Amino acid sequence: MATYTKLPSGSWRVQVRRKGRYVSETFLRRDDARRWATETERQVDRGETPTKSRVARLKTFGELIDLHIDDMCDVGKSPLRSKAATLDMLRRHLGKCNMAALDRERLIRFGRDRAAQGAGPVTLGIDIGLIKLILSHAAAVHGLPVKVEPVDLARIALKRLGLIGKGHERDRRPTQDELDRLIAHFDANPRQIAPVSQIIRFAVATAMRQEEICKARWSDLETRTRMLLIRDRKDPRHKKGNNQRIPLFAATGYDAWAIVEEQRAKRSNDDDRIFPFNHRSVGTAFRRGCVDLGIHDLHFHDLRHEGTSRLFEAGFKIEQVALVTGHKDWKMLRRYTHLKPEMLHTIQAARTA
């Protein structure tokens with residue numbers, strides 16, 4: 001039974017007591033209070049958890065996105081850059097869509113539109129997965145009457161259409177000539193402020209990611225053991241606390257420790273970063289250098305690929321390579337083992353020596 005009380009402020013407090021359950025809410029208008037009370041009593045009769053009025057008023061998918069973000073921020077898990085960008089994209093494409101209208105057909109149309117804009121099979125799969133996460137969060141945490149089955153059906157349809165699937169494993173490796181040309185190009189450019197040539201050599205020497213290189217700190221360098229602590233390495237399951245110590249050696253054709261010493265000699269301020277430059281600026285310079293030299297389809301991340309492959313070519317075992325690259329799942333290293341056929345001569349010679 002619902003009880004209505006007019007407060008001194010003019011608002012209305014409604015209290016619902018039914019089947020041992022008690023809930024209350026406050027509304028500006030009595031009609032709003034009555035509608036909420038009626039729906040609350042129906043939910044209790046169906047054995048459902050009553051929905052708070054604020055949540056019950058949510059109508060669009062964009063509001064569900066905001067609800068999800070607010071909840072995650074409340075527990076200290078605010079979306080990081082990649083997820084935040086995807087949520088912004090979903091808000092632009094589906095934010096005004098009524099929850100009831102977010103059916104299988106609408107989701108398939110969204111998938112076709114994203115594919116037409118250039119989204120690949122893996123990217124679209126991530127988009128659909130995030131849509132399901134938002135809907136299931138609203139249903140599980142807040143008891144909203146939203147369905148996730150249309151998302152599952154849309155995923156099946158998009159997969160049959162070839163719009164969702166596994167990505168193509170990239171196997172592009174720079175040739176030594178391409179590396180030499182890039183290094184010489186940046187060394188010969190007096191206007192180039194960032195030491196891109198050293199960063200290229202360091203990337204191959206350590207198999208570190210572009211952002212990791214530009215975040216590496218002098219205070220995390222162990223001179224006696226020639227070890228470097230990399231903080232918060234990328235991990236799809238754990239976003240924080242993935243610190244790892246790696247050796248700085250010369251196993252890939254470039255001497256990581258010698259490069260650090262080069263940077264130490266050039267150090268002119270108190271900046272704790274070994275390479276005190278924005279990683280995006282380094283990436284931009286690298287792409288521009290490739291264009292200037294006519295080097296096609298080479299990404300900075302391919303240098304990590306090259307460094308990892310050279311570790312295998314140097315004879316290191318998969319568990320040893322993982323100590324450098326940070327891969328926790330050794331299966332992920334398989335895509336980095338694109339050994340050059342001519343290296344088999346070197347490996348065989350080392351075994352018979």
# chains A, B, ... in the order shown; residues from 1 in each chain; ligands from 1

$ select_by_dssp --residues "segment 145-334 of chain A" --states "alpha helix (DSSP H)" --output "compact mmCIF listing (two decimals) with N, CA and C atoms, in the first residue's frame"
# COMPACT_ATOMS: atom_id res chain seq x y z
N GLU A 149 19.35 -9.87 -25.33
CA GLU A 149 19.23 -10.86 -26.40
C GLU A 149 19.37 -10.24 -27.79
N PRO A 150 18.77 -9.05 -28.05
CA PRO A 150 18.95 -8.45 -29.38
C PRO A 150 20.42 -8.19 -29.73
N VAL A 151 21.25 -7.91 -28.72
CA VAL A 151 22.67 -7.68 -28.97
C VAL A 151 23.33 -8.98 -29.42
N ASP A 152 22.98 -10.09 -28.75
CA ASP A 152 23.55 -11.38 -29.13
C ASP A 152 23.14 -11.77 -30.55
N LEU A 153 21.88 -11.53 -30.89
CA LEU A 153 21.41 -11.84 -32.25
C LEU A 153 22.08 -10.95 -33.29
N ALA A 154 22.25 -9.68 -32.95
CA ALA A 154 22.92 -8.76 -33.88
C ALA A 154 24.37 -9.18 -34.08
N ARG A 155 25.03 -9.64 -33.03
CA ARG A 155 26.42 -10.10 -33.16
C ARG A 155 26.50 -11.29 -34.11
N ILE A 156 25.56 -12.23 -33.97
CA ILE A 156 25.54 -13.40 -34.86
C ILE A 156 25.36 -12.96 -36.31
N ALA A 157 24.41 -12.03 -36.52
CA ALA A 157 24.15 -11.55 -37.88
C ALA A 157 25.36 -10.84 -38.46
N LEU A 158 25.98 -9.97 -37.69
CA LEU A 158 27.14 -9.22 -38.18
C LEU A 158 28.33 -10.15 -38.43
N LYS A 159 28.42 -11.21 -37.65
CA LYS A 159 29.48 -12.18 -37.88
C LYS A 159 29.23 -12.93 -39.18
N ARG A 160 27.97 -13.30 -39.43
CA ARG A 160 27.64 -13.99 -40.69
C ARG A 160 27.89 -13.08 -41.89
N GLN A 176 66.51 -4.05 -42.38
CA GLN A 176 67.63 -3.32 -41.79
C GLN A 176 67.92 -2.05 -42.58
N ASP A 177 67.73 -2.13 -43.90
CA ASP A 177 67.94 -0.95 -44.73
C ASP A 177 66.95 0.16 -44.37
N GLU A 178 65.68 -0.21 -44.12
CA GLU A 178 64.68 0.79 -43.74
C GLU A 178 65.03 1.42 -42.39
N LEU A 179 65.48 0.61 -41.44
CA LEU A 179 65.88 1.15 -40.15
C LEU A 179 67.07 2.09 -40.29
N ASP A 180 68.06 1.68 -41.07
CA ASP A 180 69.26 2.51 -41.27
C ASP A 180 68.89 3.85 -41.91
N ARG A 181 68.00 3.79 -42.89
CA ARG A 181 67.60 5.02 -43.57
C ARG A 181 66.83 5.96 -42.63
N LEU A 182 65.94 5.40 -41.81
CA LEU A 182 65.18 6.22 -40.86
C LEU A 182 66.12 6.86 -39.84
N ILE A 183 67.03 6.08 -39.31
CA ILE A 183 67.96 6.60 -38.30
C ILE A 183 68.82 7.71 -38.90
N ALA A 184 69.33 7.49 -40.11
CA ALA A 184 70.16 8.50 -40.77
C ALA A 184 69.33 9.75 -41.08
N HIS A 185 68.08 9.56 -41.47
CA HIS A 185 67.19 10.67 -41.80
C HIS A 185 67.00 11.60 -40.60
N PHE A 186 66.73 11.02 -39.43
CA PHE A 186 66.50 11.86 -38.25
C PHE A 186 67.80 12.44 -37.70
N ASP A 187 68.88 11.70 -37.82
CA ASP A 187 70.18 12.23 -37.37
C ASP A 187 70.62 13.43 -38.21
N VAL A 196 64.51 11.02 -32.22
CA VAL A 196 63.75 9.91 -32.79
C VAL A 196 64.66 8.76 -33.20
N SER A 197 65.86 9.07 -33.68
CA SER A 197 66.76 7.99 -34.10
C SER A 197 67.14 7.11 -32.91
N GLN A 198 67.41 7.73 -31.74
CA GLN A 198 67.71 6.94 -30.55
C GLN A 198 66.49 6.16 -30.09
N ILE A 199 65.32 6.77 -30.19
CA ILE A 199 64.10 6.10 -29.76
C ILE A 199 63.80 4.90 -30.65
N ILE A 200 64.07 5.02 -31.96
CA ILE A 200 63.88 3.89 -32.86
C ILE A 200 64.79 2.73 -32.46
N ARG A 201 66.07 3.04 -32.22
CA ARG A 201 67.00 1.99 -31.82
C ARG A 201 66.62 1.38 -30.47
N PHE A 202 66.16 2.23 -29.55
CA PHE A 202 65.77 1.76 -28.22
C PHE A 202 64.53 0.88 -28.30
N ALA A 203 63.61 1.21 -29.22
CA ALA A 203 62.39 0.41 -29.38
C ALA A 203 62.73 -1.00 -29.85
N VAL A 204 63.64 -1.11 -30.80
CA VAL A 204 64.05 -2.43 -31.29
C VAL A 204 64.86 -3.17 -30.22
N ALA A 205 65.68 -2.43 -29.48
CA ALA A 205 66.54 -3.05 -28.47
C ALA A 205 65.74 -3.60 -27.29
N THR A 206 64.61 -2.96 -26.94
CA THR A 206 63.86 -3.34 -25.74
C THR A 206 62.49 -3.93 -26.01
N GLN A 210 55.70 2.52 -27.69
CA GLN A 210 56.02 3.94 -27.87
C GLN A 210 55.77 4.75 -26.59
N GLU A 211 54.60 4.56 -25.97
CA GLU A 211 54.26 5.32 -24.76
C GLU A 211 55.14 4.90 -23.59
N GLU A 212 55.48 3.62 -23.50
CA GLU A 212 56.34 3.14 -22.42
C GLU A 212 57.71 3.78 -22.49
N ILE A 213 58.22 3.94 -23.70
CA ILE A 213 59.55 4.54 -23.88
C ILE A 213 59.55 5.97 -23.37
N CYS A 214 58.52 6.72 -23.74
CA CYS A 214 58.48 8.14 -23.36
C CYS A 214 58.09 8.36 -21.90
N LYS A 215 57.71 7.28 -21.21
CA LYS A 215 57.41 7.39 -19.78
C LYS A 215 58.52 6.81 -18.90
N ALA A 256 70.76 -1.34 -25.79
CA ALA A 256 69.83 -0.49 -25.04
C ALA A 256 70.55 0.33 -23.97
N TRP A 257 71.51 -0.29 -23.27
CA TRP A 257 72.21 0.44 -22.21
C TRP A 257 73.06 1.57 -22.78
N ALA A 258 73.70 1.34 -23.92
CA ALA A 258 74.51 2.38 -24.55
C ALA A 258 73.63 3.57 -24.97
N ILE A 259 72.42 3.28 -25.42
CA ILE A 259 71.50 4.36 -25.82
C ILE A 259 71.10 5.19 -24.60
N VAL A 260 70.87 4.52 -23.47
CA VAL A 260 70.55 5.24 -22.23
C VAL A 260 71.72 6.13 -21.82
N GLU A 261 72.94 5.64 -21.96
CA GLU A 261 74.10 6.44 -21.61
C GLU A 261 74.23 7.65 -22.54
N GLU A 262 73.85 7.49 -23.81
CA GLU A 262 73.83 8.62 -24.74
C GLU A 262 72.88 9.70 -24.23
N GLN A 263 71.70 9.24 -23.78
CA GLN A 263 70.72 10.20 -23.26
C GLN A 263 71.21 10.85 -21.97
N ARG A 264 71.91 10.07 -21.13
CA ARG A 264 72.42 10.63 -19.88
C ARG A 264 73.40 11.78 -20.17
N ALA A 265 74.23 11.60 -21.19
CA ALA A 265 75.21 12.63 -21.54
C ALA A 265 74.55 13.91 -22.04
N LYS A 266 73.34 13.77 -22.59
CA LYS A 266 72.63 14.94 -23.14
C LYS A 266 71.68 15.57 -22.13
N HIS A 279 54.80 11.10 -26.51
CA HIS A 279 54.86 9.93 -27.39
C HIS A 279 54.10 10.15 -28.70
N ARG A 280 53.06 11.00 -28.67
CA ARG A 280 52.32 11.27 -29.90
C ARG A 280 53.18 12.08 -30.87
N SER A 281 53.98 13.00 -30.34
CA SER A 281 54.88 13.78 -31.20
C SER A 281 55.93 12.88 -31.84
N VAL A 282 56.41 11.91 -31.08
CA VAL A 282 57.38 10.95 -31.62
C VAL A 282 56.73 10.13 -32.74
N GLY A 283 55.50 9.69 -32.50
CA GLY A 283 54.79 8.92 -33.52
C GLY A 283 54.56 9.72 -34.79
N THR A 284 54.21 10.99 -34.62
CA THR A 284 53.99 11.86 -35.78
C THR A 284 55.28 12.03 -36.58
N ALA A 285 56.38 12.25 -35.88
CA ALA A 285 57.67 12.40 -36.56
C ALA A 285 58.05 11.12 -37.29
N PHE A 286 57.78 9.97 -36.67
CA PHE A 286 58.11 8.69 -37.30
C PHE A 286 57.31 8.51 -38.58
N ARG A 287 56.02 8.80 -38.53
CA ARG A 287 55.19 8.66 -39.74
C ARG A 287 55.65 9.61 -40.83
N ARG A 288 55.98 10.82 -40.45
CA ARG A 288 56.45 11.80 -41.44
C ARG A 288 57.77 11.34 -42.07
N GLY A 289 58.64 10.76 -41.25
CA GLY A 289 59.90 10.26 -41.78
C GLY A 289 59.69 9.14 -42.78
N CYS A 290 58.73 8.25 -42.49
CA CYS A 290 58.43 7.16 -43.42
C CYS A 290 57.92 7.70 -44.75
N VAL A 291 57.07 8.73 -44.67
CA VAL A 291 56.56 9.34 -45.91
C VAL A 291 57.70 9.98 -46.70
N ASP A 292 58.57 10.72 -46.02
CA ASP A 292 59.69 11.39 -46.70
C ASP A 292 60.61 10.40 -47.40
N LEU A 293 60.77 9.21 -46.81
CA LEU A 293 61.69 8.21 -47.36
C LEU A 293 60.99 7.20 -48.27
N HIS A 301 54.71 0.70 -33.92
CA HIS A 301 54.54 -0.53 -33.13
C HIS A 301 55.23 -1.72 -33.80
N ASP A 302 55.49 -1.61 -35.11
CA ASP A 302 56.21 -2.69 -35.79
C ASP A 302 57.64 -2.82 -35.26
N LEU A 303 58.16 -1.77 -34.64
CA LEU A 303 59.50 -1.85 -34.05
C LEU A 303 59.49 -2.78 -32.84
N ARG A 304 58.40 -2.78 -32.08
CA ARG A 304 58.26 -3.74 -30.98
C ARG A 304 58.21 -5.16 -31.53
N HIS A 305 57.47 -5.31 -32.62
CA HIS A 305 57.40 -6.60 -33.31
C HIS A 305 58.80 -7.04 -33.75
N GLU A 306 59.55 -6.11 -34.32
CA GLU A 306 60.91 -6.41 -34.80
C GLU A 306 61.82 -6.82 -33.64
N GLY A 307 61.77 -6.05 -32.55
CA GLY A 307 62.61 -6.36 -31.40
C GLY A 307 62.29 -7.72 -30.82
N THR A 308 60.99 -8.05 -30.73
CA THR A 308 60.58 -9.35 -30.20
C THR A 308 61.05 -10.48 -31.10
N SER A 309 60.89 -10.31 -32.40
CA SER A 309 61.32 -11.33 -33.34
C SER A 309 62.83 -11.54 -33.29
N ARG A 310 63.58 -10.45 -33.12
CA ARG A 310 65.04 -10.57 -33.04
C ARG A 310 65.47 -11.32 -31.78
N LEU A 311 64.69 -11.20 -30.71
CA LEU A 311 65.02 -11.96 -29.50
C LEU A 311 64.89 -13.46 -29.76
N PHE A 312 63.85 -13.84 -30.49
CA PHE A 312 63.69 -15.25 -30.85
C PHE A 312 64.83 -15.69 -31.78
N GLU A 313 65.18 -14.82 -32.73
CA GLU A 313 66.26 -15.16 -33.66
C GLU A 313 67.61 -15.27 -32.95
N ILE A 318 60.72 -18.86 -25.38
CA ILE A 318 59.51 -18.04 -25.30
C ILE A 318 59.31 -17.45 -23.90
N GLU A 319 59.64 -18.23 -22.85
CA GLU A 319 59.47 -17.71 -21.50
C GLU A 319 60.50 -16.63 -21.19
N GLN A 320 61.65 -16.68 -21.85
CA GLN A 320 62.67 -15.65 -21.66
C GLN A 320 62.28 -14.36 -22.40
N VAL A 321 61.74 -14.53 -23.59
CA VAL A 321 61.29 -13.36 -24.35
C VAL A 321 60.16 -12.64 -23.61
N ALA A 322 59.28 -13.41 -22.97
CA ALA A 322 58.17 -12.82 -22.21
C ALA A 322 58.66 -11.94 -21.07
N LEU A 323 59.84 -12.25 -20.53
CA LEU A 323 60.41 -11.43 -19.46
C LEU A 323 60.80 -10.05 -19.96
N VAL A 324 60.97 -9.92 -21.26
CA VAL A 324 61.32 -8.63 -21.86
C VAL A 324 60.07 -7.92 -22.38
N THR A 325 59.20 -8.66 -23.06
CA THR A 325 58.05 -8.03 -23.71
C THR A 325 56.88 -7.80 -22.77

$ residues_around --residues "Glu222 of chain A" --least-positions-apart "6" --cutoff "10 Å" --atoms "only C-alpha atoms" --output "ChimeraX atom specification"
/A:228-229,245,247-248

$ atom_distance --atom1 "atom CA of Ala2 of chain A" --atom2 "atom CA of Leu64 of chain A"
28.4 Å

$ select_by_dssp --residues "segment 28-231 of chain A" --states "strand (DSSP E or B)" --output "ChimeraX atom specification"
/A:60,98,217,221-222,227-230

$ closest_residue --among "A:His327, A:Gly143, A:Arg231, A:Gly47" --to "Gln244 of chain A" --atoms "only C-alpha atoms"
A:Arg231

$ closest_residue --among "A:Met208, A:His68, A:Pro190, A:Gly253" --to "Ala139 of chain A" --atoms "only C-alpha atoms"
A:His68

$ closest_residue --among "A:Thr38, A:Thr3, A:Lys59, A:Lys234" --to "Arg209 of chain A" --atoms "only C-alpha atoms"
A:Lys234

$ residues_around --residues "Thr26 of chain A" --least-positions-apart "6" --cutoff "10 Å" --atoms "only C-alpha atoms" --output "VMD selection string"
chain A and resid 4 to 7 11 to 15 32 to 33 53

$ write_last_selection --atoms "N, CA, C and O atoms" --output "PDB file, in the first residue's frame"
ATOM      1  N   TYR A   4       1.059   8.767   0.876  1.00  0.00           N
ATOM      2  CA  TYR A   4       1.554  10.016   0.321  1.00  0.00           C
ATOM      3  C   TYR A   4       1.579  11.085   1.401  1.00  0.00           C
ATOM      4  O   TYR A   4       0.607  11.269   2.140  1.00  0.00           O
ATOM      5  N   THR A   5       2.709  11.822   1.489  1.00  0.00           N
ATOM      6  CA  THR A   5       2.847  12.882   2.489  1.00  0.00           C
ATOM      7  C   THR A   5       3.369  14.139   1.803  1.00  0.00           C
ATOM      8  O   THR A   5       4.394  14.093   1.110  1.00  0.00           O
ATOM      9  N   LYS A   6       2.658  15.249   2.003  1.00  0.00           N
ATOM     10  CA  LYS A   6       3.125  16.508   1.436  1.00  0.00           C
ATOM     11  C   LYS A   6       4.105  17.148   2.405  1.00  0.00           C
ATOM     12  O   LYS A   6       3.805  17.372   3.577  1.00  0.00           O
ATOM     13  N   LEU A   7       5.303  17.447   1.905  1.00  0.00           N
ATOM     14  CA  LEU A   7       6.364  17.998   2.722  1.00  0.00           C
ATOM     15  C   LEU A   7       6.258  19.524   2.784  1.00  0.00           C
ATOM     16  O   LEU A   7       5.615  20.149   1.915  1.00  0.00           O
ATOM     17  N   SER A  11       7.009  19.362  -1.942  1.00  0.00           N
ATOM     18  CA  SER A  11       7.201  18.077  -2.613  1.00  0.00           C
ATOM     19  C   SER A  11       6.341  17.002  -1.948  1.00  0.00           C
ATOM     20  O   SER A  11       5.772  17.209  -0.864  1.00  0.00           O
ATOM     21  N   TRP A  12       6.296  15.842  -2.631  1.00  0.00           N
ATOM     22  CA  TRP A  12       5.499  14.728  -2.123  1.00  0.00           C
ATOM     23  C   TRP A  12       6.401  13.518  -1.874  1.00  0.00           C
ATOM     24  O   TRP A  12       7.191  13.136  -2.717  1.00  0.00           O
ATOM     25  N   ARG A  13       6.267  13.001  -0.651  1.00  0.00           N
ATOM     26  CA  ARG A  13       6.983  11.766  -0.320  1.00  0.00           C
ATOM     27  C   ARG A  13       5.982  10.618  -0.382  1.00  0.00           C
ATOM     28  O   ARG A  13       4.896  10.688   0.186  1.00  0.00           O
ATOM     29  N   VAL A  14       6.373   9.572  -1.134  1.00  0.00           N
ATOM     30  CA  VAL A  14       5.531   8.389  -1.239  1.00  0.00           C
ATOM     31  C   VAL A  14       6.260   7.211  -0.616  1.00  0.00           C
ATOM     32  O   VAL A  14       7.452   7.007  -0.844  1.00  0.00           O
ATOM     33  N   GLN A  15       5.548   6.459   0.209  1.00  0.00           N
ATOM     34  CA  GLN A  15       6.103   5.287   0.877  1.00  0.00           C
ATOM     35  C   GLN A  15       5.281   4.067   0.466  1.00  0.00           C
ATOM     36  O   GLN A  15       4.048   4.084   0.541  1.00  0.00           O
ATOM     37  N   ASP A  32       3.380  12.238 -10.352  1.00  0.00           N
ATOM     38  CA  ASP A  32       4.607  11.463 -10.571  1.00  0.00           C
ATOM     39  C   ASP A  32       4.796  10.440  -9.454  1.00  0.00           C
ATOM     40  O   ASP A  32       5.203   9.295  -9.704  1.00  0.00           O
ATOM     41  N   ALA A  33       4.488  10.850  -8.212  1.00  0.00           N
ATOM     42  CA  ALA A  33       4.611   9.935  -7.084  1.00  0.00           C
ATOM     43  C   ALA A  33       3.647   8.769  -7.221  1.00  0.00           C
ATOM     44  O   ALA A  33       3.997   7.610  -6.946  1.00  0.00           O
ATOM     45  N   SER A  53      13.408   5.990  -8.642  1.00  0.00           N
ATOM     46  CA  SER A  53      12.729   6.909  -9.568  1.00  0.00           C
ATOM     47  C   SER A  53      13.697   7.531 -10.562  1.00  0.00           C
ATOM     48  O   SER A  53      13.386   7.693 -11.741  1.00  0.00           O
TER      49      SER A  53
END

$ atom_distance --atom1 "atom CA of Met1 of chain A" --atom2 "atom CA of Phe27 of chain A"
17.4 Å

$ atom_distance --atom1 "atom CA of Gln43 of chain A" --atom2 "atom CA of Ala140 of chain A"
15.1 Å

$ closest_atom_pairs --of "segment 119-227 of chain A" --to "segment 81-84 of chain A" --cutoff "10 Å" --atoms "only C-alpha atoms" --output "tab-separated table"
residue	atom	partner	partner_atom	distance
A:Ile126	CA	A:Lys83	CA	9.7
A:Asp127	CA	A:Lys83	CA	9.7
A:Leu130	CA	A:Lys83	CA	8.7

$ write_last_selection --atoms "N, CA and C atoms" --output "compact mmCIF listing (two decimals), in the first residue's frame"
# COMPACT_ATOMS: atom_id res chain seq x y z
N ILE A 126 34.31 -5.08 -30.58
CA ILE A 126 34.47 -4.36 -29.31
C ILE A 126 33.29 -3.43 -29.08
N ASP A 127 32.83 -2.75 -30.14
CA ASP A 127 31.69 -1.83 -30.01
C ASP A 127 30.44 -2.59 -29.55
N LEU A 130 30.64 -3.66 -25.94
CA LEU A 130 30.43 -2.57 -24.99
C LEU A 130 28.95 -2.21 -24.88
